[in-house]
Each structure stands twice: as C-alpha cells, then as structure tokens.
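J.: For reference, the structure I am asking about is given below.
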Amino acid sequence: MTALNLGNNLLEEVPEEMKYLISLKKLHLFRNKIHRFASGVCDGLQSLILLNLNNNQLTWIPGEIGRLKNLRCLSINHNQLASIPRELCFLENLSELQLNYNQLVCIPKEIKFLKKLQKLLLARNSIKSLPEFQDLKLREFYCEGNPLFLKQPATAIKQESVWSLQEITSRFIMNQLAEKNPFLMRAIKWYPQVRSIISQGRKCAICGKFFLTTWLKCVEFVPPSKNWKISRNLQLVPLQILICSYKCFYQRNPNLFGIGQV
C-alpha cells in the first residue's frame, strides 16, 4: 500500500498501527478529531512524502515528526497549533508546509534550514514577527491575517553596555573558531562545558561577529522576493534580527527597528 485516505472519520489520534505501513507514501487524515500522535508512529513511515492533517484538533506536533526524512508536503491547516517543534525544520526534503488557520505566535528560527522549501503558508495565525529566512528559495509565501504591522518608532539613547567576563570570553572563542584558529579548534574538543555555552551563540546581522547574550532584538522590514507568489497587499515582511551591541544598532539601515516596550 502506497496511499491511504482516512479523511472524514472520527479518529482521535494518528494510530500507532500506521508505523507498520513502511511503503506508505501518501496519508490523508483530514477532517477527523485528531489531537495527538500515537507513540512511535513516525518510526515506520520512512517512505511517506505527503501527510494531510487538515481540519483536526491538534494543539501540538511531537518532535518525532523530524524522523519522516522523505516528507515533501506537510499540511496542518485549520488546527489549534500554538507552536511547531524545531525538529520539523530539519526535514531536508520538505518543499511545502501549510499551517494556515492555527494559533501560532512564532516560527522557529531553524526554519532557515528547510533549504528545499518552496511553498510556505502561515495565513490567519497570531504571528507578530518572522525569523530570518531570506535565503530560502520560496516560490509561494502567504502570511495575511497575522499581526505583522509597522508601529510608530520611538527613539532612545543608550550607553554602550558593559559585558560580563563570560560574554567577552565567549565572543573571543566563537569568533576565533569562525576564523579557523587551529589552537582553539584543537583545544575546544577537551572542554564540553565551553562547547555547550558557545553553542547558544548568535551571529550579529550588522557586523557579522558572534555573540552569546541577546542584547537587542530587532525587526527588519524587507520586501518579499520577486519570485514569491504572495497576497497582493503584502508589501513588506517583518523579519527578526539579532545584533550584538548598541554600537551596531546605531549603524543599522533605516528599515531596521529595535523591539521595546514604551
């Protein structure tokens, strides 16, 4: 069996028995009452390329969905999702992701790893800002019906921050590793605690240097790619940007705004 349609039934979960359908490629479970995945169900669906869970009652997706390595199309429209697991963003073959009409408030920053993603649908959620995904080769992108809008900017004067010793050391190590410092590349193997700390590092969108502590979250409003199919009224897309210091903040472009409460 390579295709199975169980739509328009009264299923309350993605059944565990599905894991035995190792040749299944297309699975339709739309218009049920599904609110959970049975344990281990993703382990056997290694051939699956399409999963349709539209019009159910899902409030969460298990991280195990990242095991569906051949999945190309995932459709979870009209559910109650408040978030999606970061593991979903490591489905290297995923080309279409539909999440319209949910309760999403954010999208994982790891979405940038979906290098084959061509179609992304996020309409009618509660998303206020989007992570960086300019490098994705999207052909269709829809996000209407989200609170993505420009607010009147406020000005602020802030002195240069004083960094902690851990921040100074972490920045030095991360940036030296980025430059392939041979001594540190050898030495870091013997310090798992240091590796754990610097694994939380981020790259500044202004200067390109690495830093540990998020000093300021910003939003950059960028025009959608000309290759995208989008809603007609979408002129600018707000993307979350992280920067390393107020010095870099002062050097930002005019379309980049700091996020703060006034």
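We label chains A, B, ... in the order they appear in the structure tokens, count residues from 1 in each chain, and number ligands from 1 in the order shown.
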Write out as a PyMOL selection string the residues lying within 9 Å of range 92-104 of chain A, counting only C-alpha atoms and excluding same-chain residues fewer than 3 positions away.

T.: chain A and resi 49+54+59+69-84+89+107+113-127+138+142-143

J.: Using DSSP secondary structure from the backbone, list all helix (DSSP H, G or I) positions within range 97-240 of chain A, as number ranges by chain.

T.: A: 109-113, 165-178, 182-190, 192-198

J.: Can I get the selection written as a short mmCIF file (atom, residue, chain, number, x, y, z; two decimals), in the first residue's frame, with N, CA and C atoms?

T.:
```cif
data_model
loop_
_atom_site.label_atom_id
_atom_site.label_comp_id
_atom_site.auth_asym_id
_atom_site.auth_seq_id
_atom_site.Cartn_x
_atom_site.Cartn_y
_atom_site.Cartn_z
N LYS A 109 13.42 29.72 14.55
CA LYS A 109 14.48 30.31 13.73
C LYS A 109 15.14 29.27 12.84
N GLU A 110 15.00 27.99 13.22
CA GLU A 110 15.60 26.91 12.44
C GLU A 110 14.93 26.70 11.08
N ILE A 111 13.84 27.42 10.82
CA ILE A 111 13.15 27.25 9.54
C ILE A 111 14.09 27.55 8.36
N LYS A 112 15.14 28.30 8.62
CA LYS A 112 16.10 28.62 7.55
C LYS A 112 16.83 27.39 7.04
N PHE A 113 16.74 26.27 7.78
CA PHE A 113 17.40 25.05 7.35
C PHE A 113 16.58 24.23 6.35
N LEU A 165 32.52 38.92 31.98
CA LEU A 165 33.74 38.19 31.59
C LEU A 165 33.37 36.99 30.71
N GLN A 166 32.26 36.32 31.03
CA GLN A 166 31.82 35.18 30.22
C GLN A 166 31.48 35.62 28.81
N GLU A 167 30.82 36.80 28.70
CA GLU A 167 30.45 37.30 27.37
C GLU A 167 31.70 37.63 26.55
N ILE A 168 32.66 38.29 27.17
CA ILE A 168 33.90 38.67 26.47
C ILE A 168 34.64 37.42 26.01
N THR A 169 34.76 36.45 26.91
CA THR A 169 35.49 35.22 26.59
C THR A 169 34.78 34.43 25.50
N SER A 170 33.45 34.33 25.63
CA SER A 170 32.68 33.57 24.65
C SER A 170 32.78 34.20 23.27
N ARG A 171 32.69 35.52 23.21
CA ARG A 171 32.79 36.20 21.91
C ARG A 171 34.15 35.96 21.27
N PHE A 172 35.20 36.03 22.08
CA PHE A 172 36.54 35.80 21.56
C PHE A 172 36.67 34.39 21.00
N ILE A 173 36.22 33.39 21.78
CA ILE A 173 36.34 31.99 21.35
C ILE A 173 35.53 31.73 20.08
N MET A 174 34.26 32.19 20.07
CA MET A 174 33.41 31.93 18.91
C MET A 174 33.96 32.56 17.64
N ASN A 175 34.44 33.77 17.74
CA ASN A 175 34.95 34.46 16.55
C ASN A 175 36.29 33.90 16.10
N GLN A 176 37.10 33.43 17.05
CA GLN A 176 38.34 32.77 16.67
C GLN A 176 38.07 31.42 16.00
N LEU A 177 37.07 30.70 16.49
CA LEU A 177 36.70 29.43 15.86
C LEU A 177 36.16 29.67 14.45
N ALA A 178 35.41 30.76 14.28
CA ALA A 178 34.88 31.09 12.96
C ALA A 178 36.01 31.39 11.97
N PRO A 182 43.64 27.36 14.65
CA PRO A 182 43.98 25.94 14.84
C PRO A 182 44.15 25.54 16.30
N PHE A 183 44.71 26.44 17.11
CA PHE A 183 44.91 26.11 18.53
C PHE A 183 43.56 25.91 19.23
N LEU A 184 42.64 26.86 19.04
CA LEU A 184 41.34 26.75 19.70
C LEU A 184 40.52 25.60 19.13
N MET A 185 40.64 25.32 17.84
CA MET A 185 39.89 24.21 17.24
C MET A 185 40.33 22.87 17.84
N ARG A 186 41.58 22.75 18.21
CA ARG A 186 42.06 21.53 18.87
C ARG A 186 41.65 21.52 20.34
N ALA A 187 41.84 22.66 21.01
CA ALA A 187 41.61 22.72 22.45
C ALA A 187 40.14 22.57 22.83
N ILE A 188 39.23 23.08 22.00
CA ILE A 188 37.82 23.09 22.35
C ILE A 188 37.25 21.68 22.51
N LYS A 189 37.89 20.70 21.89
CA LYS A 189 37.41 19.32 21.98
C LYS A 189 37.46 18.79 23.41
N TRP A 190 38.33 19.38 24.22
CA TRP A 190 38.53 18.88 25.59
C TRP A 190 37.69 19.63 26.61
N PRO A 192 33.87 20.22 27.04
CA PRO A 192 32.45 20.09 26.66
C PRO A 192 31.57 21.18 27.26
N GLN A 193 31.91 21.67 28.46
CA GLN A 193 31.09 22.72 29.08
C GLN A 193 31.18 24.02 28.27
N VAL A 194 32.38 24.33 27.79
CA VAL A 194 32.55 25.52 26.96
C VAL A 194 31.81 25.36 25.64
N ARG A 195 31.89 24.16 25.05
CA ARG A 195 31.17 23.91 23.80
C ARG A 195 29.67 24.09 23.99
N SER A 196 29.16 23.66 25.15
CA SER A 196 27.74 23.80 25.43
C SER A 196 27.34 25.27 25.52
N ILE A 197 28.18 26.08 26.14
CA ILE A 197 27.88 27.50 26.30
C ILE A 197 27.89 28.21 24.96
N ILE A 198 28.93 28.00 24.17
CA ILE A 198 29.04 28.75 22.91
C ILE A 198 28.08 28.22 21.84
#
```

J.: Just asking: which residues within range 19-228 of chain A are strand (DSSP E or B) according to DSSP, as a ChimeraX atom specification?

T.: /A:26-28,37,50-52,73-75,96-98,119-121,130,140-142,202-203,210-211,216-222

J.: Residues as selected, N, CA and C atoms, written as a JSON list (two decimals), in the first residue's frame, can you do that?

T.:
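Final output, selection-v8.json:
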```
[["chain", "number", "residue", "atom", "x", "y", "z"],
["A", 26, "LYS", "N", 1.58, 8.35, 0.76],
["A", 26, "LYS", "CA", 0.62, 9.44, 0.93],
["A", 26, "LYS", "C", -0.41, 9.05, 1.97],
["A", 27, "LEU", "N", -0.58, 9.90, 2.99],
["A", 27, "LEU", "CA", -1.50, 9.61, 4.08],
["A", 27, "LEU", "C", -2.41, 10.82, 4.31],
["A", 28, "HIS", "N", -3.71, 10.63, 4.11],
["A", 28, "HIS", "CA", -4.70, 11.68, 4.30],
["A", 28, "HIS", "C", -5.52, 11.39, 5.56],
["A", 37, "PHE", "N", -0.54, 12.26, 18.43],
["A", 37, "PHE", "CA", 0.13, 11.22, 17.67],
["A", 37, "PHE", "C", 0.39, 10.05, 18.61],
["A", 50, "LEU", "N", 3.82, 12.64, 1.70],
["A", 50, "LEU", "CA", 2.71, 13.59, 1.89],
["A", 50, "LEU", "C", 1.92, 13.21, 3.13],
["A", 51, "LEU", "N", 1.68, 14.20, 4.00],
["A", 51, "LEU", "CA", 0.86, 13.99, 5.19],
["A", 51, "LEU", "C", -0.13, 15.14, 5.31],
["A", 52, "ASN", "N", -1.42, 14.80, 5.26],
["A", 52, "ASN", "CA", -2.50, 15.79, 5.30],
["A", 52, "ASN", "C", -3.27, 15.63, 6.61],
["A", 73, "CYS", "N", 5.57, 17.14, 1.59],
["A", 73, "CYS", "CA", 4.43, 18.03, 1.77],
["A", 73, "CYS", "C", 3.78, 17.74, 3.12],
["A", 74, "LEU", "N", 3.67, 18.76, 3.97],
["A", 74, "LEU", "CA", 3.02, 18.64, 5.27],
["A", 74, "LEU", "C", 1.95, 19.72, 5.37],
["A", 75, "SER", "N", 0.71, 19.30, 5.52],
["A", 75, "SER", "CA", -0.41, 20.24, 5.57],
["A", 75, "SER", "C", -1.17, 20.06, 6.87],
["A", 96, "GLU", "N", 6.87, 21.80, 0.85],
["A", 96, "GLU", "CA", 5.61, 22.52, 1.05],
["A", 96, "GLU", "C", 5.16, 22.36, 2.50],
["A", 97, "LEU", "N", 4.91, 23.49, 3.16],
["A", 97, "LEU", "CA", 4.47, 23.49, 4.56],
["A", 97, "LEU", "C", 3.27, 24.42, 4.69],
["A", 98, "GLN", "N", 2.13, 23.84, 5.04],
["A", 98, "GLN", "CA", 0.89, 24.61, 5.17],
["A", 98, "GLN", "C", 0.44, 24.61, 6.63],
["A", 119, "LYS", "N", 7.08, 26.39, -0.76],
["A", 119, "LYS", "CA", 5.74, 26.89, -0.50],
["A", 119, "LYS", "C", 5.52, 26.94, 1.00],
["A", 120, "LEU", "N", 5.27, 28.14, 1.55],
["A", 120, "LEU", "CA", 5.07, 28.33, 2.98],
["A", 120, "LEU", "C", 3.80, 29.13, 3.21],
["A", 121, "LEU", "N", 2.82, 28.52, 3.89],
["A", 121, "LEU", "CA", 1.52, 29.14, 4.14],
["A", 121, "LEU", "C", 1.32, 29.31, 5.63],
["A", 130, "LEU", "N", 8.67, 37.42, 12.10],
["A", 130, "LEU", "CA", 9.17, 36.22, 11.45],
["A", 130, "LEU", "C", 10.68, 36.14, 11.60],
["A", 140, "GLU", "N", 6.13, 30.46, -3.18],
["A", 140, "GLU", "CA", 4.84, 30.94, -2.66],
["A", 140, "GLU", "C", 4.98, 31.18, -1.16],
["A", 141, "PHE", "N", 4.47, 32.35, -0.72],
["A", 141, "PHE", "CA", 4.51, 32.69, 0.70],
["A", 141, "PHE", "C", 3.28, 33.52, 1.04],
["A", 142, "TYR", "N", 2.48, 33.05, 2.01],
["A", 142, "TYR", "CA", 1.26, 33.74, 2.41],
["A", 142, "TYR", "C", 1.25, 33.89, 3.92],
["A", 202, "ARG", "N", 24.95, 33.51, 18.77],
["A", 202, "ARG", "CA", 24.23, 34.04, 17.62],
["A", 202, "ARG", "C", 25.18, 34.90, 16.79],
["A", 203, "LYS", "N", 24.82, 35.15, 15.54],
["A", 203, "LYS", "CA", 25.63, 35.96, 14.66],
["A", 203, "LYS", "C", 24.96, 37.31, 14.45],
["A", 210, "PHE", "N", 30.13, 36.92, 16.13],
["A", 210, "PHE", "CA", 29.33, 36.08, 17.01],
["A", 210, "PHE", "C", 29.27, 36.67, 18.41],
["A", 211, "PHE", "N", 28.15, 36.43, 19.08],
["A", 211, "PHE", "CA", 27.97, 36.89, 20.46],
["A", 211, "PHE", "C", 27.12, 35.87, 21.20],
["A", 216, "LEU", "N", 19.82, 42.89, 21.99],
["A", 216, "LEU", "CA", 18.70, 43.65, 21.46],
["A", 216, "LEU", "C", 18.06, 42.89, 20.30],
["A", 217, "LYS", "N", 16.76, 42.68, 20.39],
["A", 217, "LYS", "CA", 16.02, 42.09, 19.28],
["A", 217, "LYS", "C", 15.51, 43.21, 18.38],
["A", 218, "CYS", "N", 15.62, 43.00, 17.11],
["A", 218, "CYS", "CA", 15.17, 44.00, 16.15],
["A", 218, "CYS", "C", 14.25, 43.36, 15.12],
["A", 219, "VAL", "N", 13.56, 44.21, 14.42],
["A", 219, "VAL", "CA", 12.74, 43.79, 13.29],
["A", 219, "VAL", "C", 13.21, 44.55, 12.07],
["A", 220, "GLU", "N", 13.46, 43.82, 11.00],
["A", 220, "GLU", "CA", 13.80, 44.45, 9.73],
["A", 220, "GLU", "C", 12.67, 44.21, 8.74],
["A", 221, "PHE", "N", 12.18, 45.28, 8.14],
["A", 221, "PHE", "CA", 11.10, 45.16, 7.17],
["A", 221, "PHE", "C", 11.71, 45.11, 5.77],
["A", 222, "VAL", "N", 11.55, 43.96, 5.13],
["A", 222, "VAL", "CA", 12.17, 43.74, 3.83],
["A", 222, "VAL", "C", 11.09, 43.43, 2.79]]
```

J.: Do you have the CA of Gln57 in chain A-CA of Leu29 in chain A distance handy?

T.: 11.6 Å

J.: Report, in Å to a single decimal, how far apart CA of Leu91 in chain A and CA of Glu16 in chain A are.

T.: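 It comes out at 21.2 Å.
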